[in-house]
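A.B. asks: This one is protein-v9.csv, CSV, C-alpha atoms and all ligand atoms.
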```csv
chain,number,residue,atom,x,y,z
A,1,MET,CA,-52.7,114.0,140.6
A,2,GLN,CA,-53.5,114.1,144.3
A,3,ASP,CA,-53.8,110.3,144.5
A,4,PHE,CA,-50.5,109.6,142.7
A,5,GLU,CA,-48.7,112.7,144.2
A,6,THR,CA,-47.8,113.6,140.6
A,7,THR,CA,-44.8,115.9,140.4
A,8,ALA,CA,-44.5,116.3,136.6
A,9,ILE,CA,-47.0,116.5,133.8
A,10,HIS,CA,-46.9,116.8,130.0
A,11,ILE,CA,-49.9,118.7,128.8
A,12,ILE,CA,-51.4,120.8,126.0
A,13,PRO,CA,-51.3,124.5,127.1
A,14,SER,CA,-55.0,125.1,126.3
A,15,TYR,CA,-55.9,122.0,128.3
A,16,ALA,CA,-53.8,123.2,131.2
A,17,LEU,CA,-55.9,126.4,131.2
A,18,HIS,CA,-59.1,124.5,130.9
A,19,LEU,CA,-58.1,122.3,133.9
A,20,SER,CA,-57.3,125.5,135.8
A,21,THR,CA,-61.0,126.4,135.8
A,22,VAL,CA,-61.9,122.9,136.9
A,23,PHE,CA,-59.4,123.2,139.8
A,24,THR,CA,-61.0,126.6,140.7
A,25,GLU,CA,-64.5,125.2,140.6
A,26,THR,CA,-63.7,122.3,142.8
A,27,GLY,CA,-61.7,124.4,145.3
A,28,VAL,CA,-58.4,122.6,144.7
A,29,ASP,CA,-55.4,124.9,144.7
A,30,PRO,CA,-52.6,123.2,142.8
A,31,ARG,CA,-49.9,125.2,144.7
A,32,ARG,CA,-51.3,124.0,148.0
A,33,ASP,CA,-53.0,120.7,147.3
A,34,THR,CA,-50.7,119.0,144.7
A,35,LYS,CA,-47.0,118.2,144.5
A,36,LEU,CA,-46.6,119.5,140.9
A,37,LYS,CA,-43.2,120.9,140.2
A,38,ILE,CA,-42.7,120.7,136.5
A,39,ALA,CA,-44.7,120.7,133.3
A,40,PHE,CA,-43.9,120.1,129.7
A,41,LEU,CA,-46.1,122.2,127.5
A,42,GLY,CA,-46.5,121.3,123.8
A,43,ALA,CA,-48.5,120.2,120.8
A,44,GLU,CA,-50.0,123.6,119.9
A,45,PRO,CA,-48.6,127.1,119.4
A,46,HIS,CA,-48.9,129.2,122.5
A,47,SER,CA,-47.4,132.6,123.6
A,48,GLU,CA,-44.9,133.3,126.3
A,49,ASN,CA,-47.6,135.1,128.3
A,50,MET,CA,-49.8,132.0,128.1
A,51,ARG,CA,-46.9,130.0,129.5
A,52,ARG,CA,-46.5,132.6,132.3
A,53,LYS,CA,-50.2,132.4,133.1
A,54,ILE,CA,-50.1,128.6,133.4
A,55,GLU,CA,-47.0,128.8,135.6
A,56,ALA,CA,-48.5,131.3,137.9
A,57,PHE,CA,-51.7,129.3,138.4
A,58,TYR,CA,-50.0,126.0,139.0
A,59,GLY,CA,-46.9,127.2,140.7
A,60,PHE,CA,-44.6,125.0,138.6
A,61,LYS,CA,-42.1,125.7,135.9
A,62,GLY,CA,-43.4,125.1,132.4
A,63,PHE,CA,-41.0,123.9,129.7
A,64,ASN,CA,-41.9,123.9,126.0
A,65,SER,CA,-41.7,120.7,124.1
A,66,TYR,CA,-42.0,119.7,120.5
A,67,GLY,CA,-42.8,116.6,118.5
A,68,LEU,CA,-45.2,115.1,116.1
A,69,SER,CA,-46.9,111.7,116.0
A,70,GLU,CA,-45.3,110.7,112.7
A,71,MET,CA,-41.8,111.1,114.3
A,72,ASN,CA,-41.9,110.1,117.9
A,73,GLY,CA,-44.8,111.8,119.5
A,74,PRO,CA,-43.6,114.5,121.9
A,75,GLY,CA,-39.8,113.9,121.9
A,76,MET,CA,-38.0,115.9,119.2
A,77,ALA,CA,-37.1,119.0,121.1
A,78,PHE,CA,-37.3,120.2,124.7
A,79,GLU,CA,-36.4,123.3,126.6
A,80,CYS,CA,-33.6,123.4,129.1
A,81,PRO,CA,-33.7,125.4,132.3
A,82,GLU,CA,-33.0,128.6,130.3
A,83,GLN,CA,-36.6,128.4,129.0
A,84,ASN,CA,-35.3,130.1,125.8
A,85,GLY,CA,-35.8,127.8,122.8
A,86,MET,CA,-36.0,124.0,122.5
A,87,HIS,CA,-32.9,121.9,122.0
A,88,ILE,CA,-33.4,119.5,119.1
A,89,TRP,CA,-32.4,115.9,119.8
A,90,GLU,CA,-29.9,116.2,117.0
A,91,ASP,CA,-28.5,112.8,117.7
A,92,ASN,CA,-31.8,111.4,116.5
A,93,TYR,CA,-33.1,113.9,114.0
A,94,ILE,CA,-31.7,116.1,111.2
A,95,ILE,CA,-33.6,119.4,111.1
A,96,GLU,CA,-33.8,121.9,108.3
A,97,ILE,CA,-35.8,125.1,107.9
A,98,ILE,CA,-37.1,125.9,104.5
A,99,ASP,CA,-39.1,128.5,102.7
A,100,PRO,CA,-42.5,126.7,102.3
A,101,VAL,CA,-43.0,128.3,98.9
A,102,THR,CA,-39.6,128.0,97.2
A,103,LEU,CA,-38.7,124.9,99.2
A,104,GLN,CA,-35.1,126.3,99.6
A,105,ARG,CA,-33.3,126.3,102.9
A,106,VAL,CA,-33.4,129.7,104.6
A,107,PRO,CA,-30.3,131.2,106.3
A,108,GLU,CA,-29.9,130.3,110.0
A,109,GLY,CA,-32.1,132.4,112.2
A,110,GLU,CA,-34.8,133.0,109.7
A,111,GLU,CA,-38.2,131.6,110.1
A,112,GLY,CA,-39.6,128.9,107.8
A,113,GLU,CA,-41.1,125.4,107.8
A,114,LEU,CA,-39.4,122.7,109.8
A,115,ILE,CA,-38.3,119.7,107.9
A,116,ALA,CA,-37.2,116.6,109.8
A,117,THR,CA,-35.3,113.4,109.0
A,118,THR,CA,-35.0,110.4,111.4
A,119,ILE,CA,-31.5,109.1,111.9
A,120,LEU,CA,-31.9,106.0,114.1
A,121,ARG,CA,-35.3,104.6,113.0
A,122,GLU,CA,-35.2,101.3,111.2
A,123,GLY,CA,-38.8,100.1,110.8
A,124,MET,CA,-40.1,103.3,109.3
A,125,PRO,CA,-37.4,105.9,108.6
A,126,ILE,CA,-38.8,109.2,107.5
A,127,LEU,CA,-36.8,111.4,105.1
A,128,ARG,CA,-37.1,115.2,104.9
A,129,TYR,CA,-40.7,115.2,106.3
A,130,ARG,CA,-42.6,118.5,105.9
A,131,THR,CA,-44.1,119.2,109.3
A,132,LYS,CA,-46.0,122.4,108.2
A,133,ASP,CA,-44.8,123.9,111.6
A,134,LEU,CA,-43.2,127.3,111.4
A,135,THR,CA,-40.2,128.2,113.5
A,136,ARG,CA,-36.5,129.2,113.3
A,137,ILE,CA,-33.2,128.1,114.5
A,138,ILE,CA,-31.9,130.3,117.4
A,139,PRO,CA,-28.3,131.2,116.4
A,140,GLY,CA,-25.5,130.8,118.8
A,141,PRO,CA,-24.8,128.6,121.8
A,142,CYS,CA,-27.2,128.2,124.8
A,143,PRO,CA,-25.9,129.4,128.2
A,144,CYS,CA,-26.8,125.9,129.6
A,145,GLY,CA,-23.9,124.3,127.8
A,146,ARG,CA,-25.8,121.9,125.6
A,147,THR,CA,-24.5,122.0,122.0
A,148,HIS,CA,-27.6,120.7,120.2
A,149,ARG,CA,-29.2,123.6,118.4
A,150,ARG,CA,-32.4,125.3,119.5
A,151,ILE,CA,-35.6,126.0,117.7
A,152,GLU,CA,-37.9,128.9,118.6
A,153,ARG,CA,-41.4,128.1,120.0
A,154,ILE,CA,-43.7,127.2,117.1
A,155,THR,CA,-45.3,130.3,115.8
A,156,GLY,CA,-48.0,128.6,113.7
A,157,ARG,CA,-48.6,126.1,110.9
A,158,THR,CA,-48.4,126.8,107.2
A,159,ASP,CA,-52.0,125.6,107.1
A,160,ASP,CA,-53.5,127.7,109.9
A,161,MET,CA,-52.6,131.0,108.3
A,162,MET,CA,-55.7,133.1,107.7
A,163,ILE,CA,-55.8,135.4,104.7
A,164,LEU,CA,-58.1,138.3,105.4
A,165,LYS,CA,-58.4,141.2,103.0
A,166,GLY,CA,-55.1,140.1,101.5
A,167,VAL,CA,-53.3,140.2,104.9
A,168,ASN,CA,-51.7,137.0,106.3
A,169,ILE,CA,-52.6,136.5,109.9
A,170,PHE,CA,-51.7,133.7,112.3
A,171,PRO,CA,-53.9,132.9,115.4
A,172,ILE,CA,-50.8,133.1,117.6
A,173,GLN,CA,-50.4,136.8,116.8
A,174,ILE,CA,-53.9,137.5,118.2
A,175,GLU,CA,-53.2,135.3,121.3
A,176,LYS,CA,-49.9,137.1,121.9
A,177,ARG,CA,-51.5,140.5,122.0
A,178,LEU,CA,-54.5,139.4,124.0
A,179,MET,CA,-52.5,137.7,126.7
A,180,GLU,CA,-50.6,141.0,127.3
A,181,ILE,CA,-53.7,142.9,128.1
A,182,PRO,CA,-54.8,142.9,131.8
A,183,GLY,CA,-58.4,141.8,132.3
A,184,VAL,CA,-58.3,139.3,129.4
A,185,GLY,CA,-59.2,135.8,130.6
A,186,ILE,CA,-57.9,132.5,129.3
A,187,ASN,CA,-59.9,131.6,126.2
A,188,PHE,CA,-60.7,133.3,122.9
A,189,LEU,CA,-62.2,132.5,119.5
A,190,ILE,CA,-61.7,134.0,116.1
A,191,VAL,CA,-64.7,133.9,113.8
A,192,LEU,CA,-64.4,134.8,110.1
A,193,ASP,CA,-67.4,135.8,108.1
A,194,ARG,CA,-68.0,137.2,104.7
A,195,GLU,CA,-70.7,139.9,104.2
A,196,ASN,CA,-71.2,141.4,100.8
A,197,TYR,CA,-67.9,140.0,99.6
A,198,ASN,CA,-66.2,141.7,102.5
A,199,ASP,CA,-64.2,139.6,105.0
A,200,GLN,CA,-65.0,140.3,108.7
A,201,MET,CA,-63.1,139.1,111.7
A,202,THR,CA,-64.8,138.9,115.1
A,203,VAL,CA,-62.7,138.1,118.1
A,204,LYS,CA,-64.6,136.7,121.1
A,205,VAL,CA,-62.6,137.3,124.2
A,206,GLU,CA,-63.3,135.8,127.6
A,207,VAL,CA,-62.9,138.4,130.4
A,208,GLN,CA,-61.6,137.8,133.9
A,209,ARG,CA,-64.4,137.3,136.4
A,210,GLU,CA,-63.6,140.3,138.5
A,211,PHE,CA,-63.7,142.5,135.3
A,212,PHE,CA,-66.9,141.0,134.1
A,213,GLY,CA,-68.9,141.9,137.2
A,214,GLY,CA,-67.5,145.5,137.0
A,215,ASP,CA,-69.0,148.5,135.4
A,216,LEU,CA,-69.9,148.8,131.8
A,217,HIS,CA,-67.6,151.7,131.1
A,218,GLN,CA,-64.6,149.7,132.3
A,219,LEU,CA,-65.6,146.9,129.9
A,220,GLU,CA,-65.9,149.3,127.0
A,221,VAL,CA,-62.5,150.7,127.7
A,222,LEU,CA,-61.1,147.2,127.7
A,223,ARG,CA,-62.9,146.3,124.5
A,224,ARG,CA,-61.6,149.4,122.7
A,225,ARG,CA,-58.1,148.7,123.9
A,226,ILE,CA,-58.3,145.2,122.5
A,227,VAL,CA,-59.5,146.5,119.1
A,228,ASP,CA,-56.6,149.1,119.0
A,229,GLU,CA,-53.9,146.7,120.0
A,230,LEU,CA,-55.0,144.0,117.5
A,231,ARG,CA,-55.3,146.6,114.7
A,232,SER,CA,-51.8,147.8,115.3
A,233,ASP,CA,-50.5,144.3,114.9
A,234,ILE,CA,-52.7,142.7,112.2
A,235,LEU,CA,-53.5,145.9,110.3
A,236,ILE,CA,-57.2,145.0,110.2
A,237,THR,CA,-59.9,146.4,112.5
A,238,PRO,CA,-61.6,143.4,114.1
A,239,LYS,CA,-64.9,143.3,115.8
A,240,VAL,CA,-64.3,142.4,119.5
A,241,ASP,CA,-67.0,140.8,121.7
A,242,LEU,CA,-66.3,140.5,125.3
A,243,VAL,CA,-67.8,137.3,126.8
A,244,GLU,CA,-68.2,135.8,130.3
A,245,PRO,CA,-65.4,133.6,131.7
A,246,ASP,CA,-65.8,129.9,130.7
A,247,SER,CA,-68.5,130.7,128.1
A,248,LEU,CA,-66.5,129.8,124.9
A,249,PRO,CA,-66.4,126.1,123.8
A,250,LYS,CA,-63.5,124.2,125.3
A,251,SER,CA,-61.7,121.4,123.5
A,252,GLU,CA,-60.1,118.5,125.3
A,253,GLY,CA,-57.6,118.1,122.4
A,254,LYS,CA,-55.8,120.9,120.7
A,255,ALA,CA,-57.5,124.2,120.9
A,256,VAL,CA,-59.8,125.3,118.1
A,257,ARG,CA,-59.0,129.0,117.7
A,258,VAL,CA,-60.6,129.8,114.3
A,259,VAL,CA,-64.1,129.3,112.9
A,260,ASP,CA,-64.2,130.2,109.3
A,261,ASN,CA,-67.7,130.8,108.0
A,262,ARG,CA,-66.6,132.3,104.7
A,263,LYS,CA,-67.8,130.5,101.6
A,264,ASP,CA,-66.1,130.9,98.3
B,1,ZN,ZN,-30.0,125.2,126.8
```
Take the structure in the file and give it back as structure tokens.
C.D. replies:
Amino acid sequence: MQDFETTAIHIIPSYALHLSTVFTETGVDPRRDTKLKIAFLGAEPHSENMRRKIEAFYGFKGFNSYGLSEMNGPGMAFECPEQNGMHIWEDNYIIEIIDPVTLQRVPEGEEGELIATTILREGMPILRYRTKDLTRIIPGPCPCGRTHRRIERITGRTDDMMILKGVNIFPIQIEKRLMEIPGVGINFLIVLDRENYNDQMTVKVEVQREFFGGDLHQLEVLRRRIVDELRSDILITPKVDLVEPDSLPKSEGKAVRVVDNRKD
């Protein structure tokens, strides 16, 4: 980035956070030492707070993007300067939102699975492709003036839903809560186990360095707060382990958020 004086990057959000630790370790401050101005963030569900964390570290504006390899790679929908939903390139794709169980279209504004059809492709047209990605159409016009409809950030995939004690939970729900809590670092991992036919969720949470060196009482207060906040959202009491910054495994591709050790 420094050699090429890069101003814009297109990056997976978890990798942007991983890179931030590399920047810190090598003493490079992206705000001071690079020319970065803009980033496109995409390819995995991430919360608004994670976007804000990335923006704050790099000092750029981060815009969400959406796409899938089968269609066009990243290049189906992008955010405008409003940073409030991604405009679909409707001159190139027909988008529908369906109920993944009944396969019927849902009313505009309701969440469901995104279905896409290519309009301009000749070699390999794709008709009504099931993406497994969950989102909704944001009703109404965008203040930016573009007329292509917007989709909400992806909230999960139909196949990354966890079912725990009969409750449906998406990893993004956990991330959203965690990122709102001061002291929480940039990485977390959900581990599912089954003991005596009982499902157990453990959330391993990296803590910010200044917190980790602090006193044990403060850490316990943070741990309890995380348990309480998660319970109020997912209706299950998880076990929460606080771990050192940079101690959880990092992936260079899409983040692995869930390890499921349950055996049927
Ligand atoms: Zn717009």
A.B. asks: Suppose you want the space between atom CA of A:Ser47 and atom CA of A:Val184; what is it in Å?
C.D. replies: 14.0 Å
A.B. asks: For ligand ZN 1 (chain B), which residue among A:Met71, A:Leu222, A:Leu134, A:Cys80 is the nearest when counting all atoms listed in the file?
C.D. replies: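 Counting all atoms listed in the file, the residue closest to ligand ZN 1 (chain B) is A:Cys80.
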A.B. asks: Show which residues sit within 6 Å of A:Ile38, as a list in words. Count all atoms listed in the file, and ignore same-chain residues fewer than 5 positions away.
C.D. replies: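 My reading of the contact set: Ala8, Phe60 and Lys61 of chain A.
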A.B. asks: For the residues selected in the previous step, produce a file with C-alpha atoms as a compact mmCIF listing (two decimals), in the frame of the given file.
C.D. replies:
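Generated file (out_35.txt):
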```txt
# COMPACT_ATOMS: atom_id res chain seq x y z
CA ALA A 8 -44.50 116.30 136.60
CA PHE A 60 -44.60 125.00 138.60
CA LYS A 61 -42.10 125.70 135.90
```
A.B. asks: For A:Asn196, please output as a ChimeraX atom specification all residues within 12 Å (counting only C-alpha atoms; exclusion window: fewer than 3 positions along the same chain).
C.D. replies: /A:193,199-200,262-264
A.B. asks: Considering all atoms listed in the file, tabulate each residue of stretch 71-160 of chain A that lies at most 12 Å from stretch 9-31 of chain A along with its nearest interatomic pair and the corresponding distance in Å to one decimal; arrange the rows by chain and ascending residue number and present them as CSV.
C.D. replies:
```
residue,atom,partner,partner_atom,distance
A:Gly73,CA,A:His10,CA,11.8
A:Pro74,CA,A:His10,CA,9.0
A:Gly75,CA,A:His10,CA,11.2
A:Phe78,CA,A:His10,CA,11.5
```
A.B. asks: Residues at most 8 Å from A:Ala43, counting all atoms listed in the file, excluding those fewer than 5 positions away in the same chain, as a PDB file with C-alpha atoms, in the coordinates of the input?
C.D. replies:
```pdb
ATOM      1  CA  ILE A  12     -51.400 120.800 126.000  1.00  0.00           C
ATOM      2  CA  SER A  65     -41.700 120.700 124.100  1.00  0.00           C
ATOM      3  CA  TYR A  66     -42.000 119.700 120.500  1.00  0.00           C
ATOM      4  CA  GLY A  67     -42.800 116.600 118.500  1.00  0.00           C
ATOM      5  CA  LEU A  68     -45.200 115.100 116.100  1.00  0.00           C
ATOM      6  CA  PRO A  74     -43.600 114.500 121.900  1.00  0.00           C
ATOM      7  CA  LYS A 254     -55.800 120.900 120.700  1.00  0.00           C
TER       8      LYS A 254
END
```
A.B. asks: Quick one: contact table of chain A to ligand ZN 1 (chain B), 9 Å max, nearest atom pair and distance in Å to one decimal per residue, counting only C-alpha atoms and all ligand atoms, chain and number order, as CSV?
C.D. replies:
```
residue,atom,partner,partner_atom,distance
A:Glu79,CA,B:ZN1,ZN,6.7
A:Cys80,CA,B:ZN1,ZN,4.6
A:Pro81,CA,B:ZN1,ZN,6.6
A:Glu82,CA,B:ZN1,ZN,5.7
A:Gln83,CA,B:ZN1,ZN,7.7
A:Asn84,CA,B:ZN1,ZN,7.3
A:Gly85,CA,B:ZN1,ZN,7.5
A:Met86,CA,B:ZN1,ZN,7.5
A:His87,CA,B:ZN1,ZN,6.5
A:Pro141,CA,B:ZN1,ZN,8.0
A:Cys142,CA,B:ZN1,ZN,4.6
A:Pro143,CA,B:ZN1,ZN,6.0
A:Cys144,CA,B:ZN1,ZN,4.3
A:Gly145,CA,B:ZN1,ZN,6.2
A:Arg146,CA,B:ZN1,ZN,5.5
A:Thr147,CA,B:ZN1,ZN,8.0
A:His148,CA,B:ZN1,ZN,8.3
A:Arg149,CA,B:ZN1,ZN,8.6
A:Arg150,CA,B:ZN1,ZN,7.7
```
A.B. asks: Compare A:Ile174, A:Val101, A:Ile88, A:Met161 by their minimum atom-to-atom distance to A:Ile234, counting all atoms listed in the file, and give me the closest one.
C.D. replies: A:Ile174
A.B. asks: Using all atoms listed in the file, which of the listed residues (A:Thr135, A:Thr237, A:Gln218, A:Ser247) sits closest to A:Thr155?
C.D. replies: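 Closest residue, counting all atoms listed in the file: A:Thr135.
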A.B. asks: Nearest residue to A:Glu70 out of A:Tyr129, A:Glu244, A:Lys250, A:Arg231, using all atoms listed in the file?
C.D. replies: A:Tyr129
A.B. asks: If we draw a sphere of 10 Å around (-61.5, 146.7, 125.1), which residues have at least one atom in it when counting all atoms listed in the file? Please report them as a list in words.
C.D. replies: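 Residues lying no farther than 10 Å from the given point: Ile181, Gly183, Val184, Val205, Val207, His217, Gln218, Leu219, Glu220, Val221, Leu222, Arg223, Arg224, Arg225, Ile226, Val227, Asp228, Glu229, Val240, Asp241 and Leu242 of chain A.
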A.B. asks: If I take atom CA of A:Val191 and atom CA of A:Arg257, how far is one from the other in Å, to one decimal?
C.D. replies: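 Result for atom CA of A:Val191 versus atom CA of A:Arg257: 8.5 Å, one decimal.
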A.B. asks: Restricting the calculation to only C-alpha atoms: of A:Arg153, A:Lys239, A:Arg105, A:Arg209, which residue gets closest to A:Leu192?
C.D. replies: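 Selected residue with least distance to A:Leu192: A:Lys239.
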A.B. asks: Please, what distance in Å, to one decimal, runs between atom CA of A:Leu114 and atom CA of A:His46?
C.D. replies: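 Distance between the two atoms: 17.1 Å.
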A.B. asks: Find the spatial neighbours of A:Val256, counting only C-alpha atoms, within a cut-off of 12 Å - ignore same-chain residues fewer than 4 positions away - and output them as a PyMOL selection string.
C.D. replies: chain A and resi 14-15+44-45+160+171-172+187-191+248-252+260
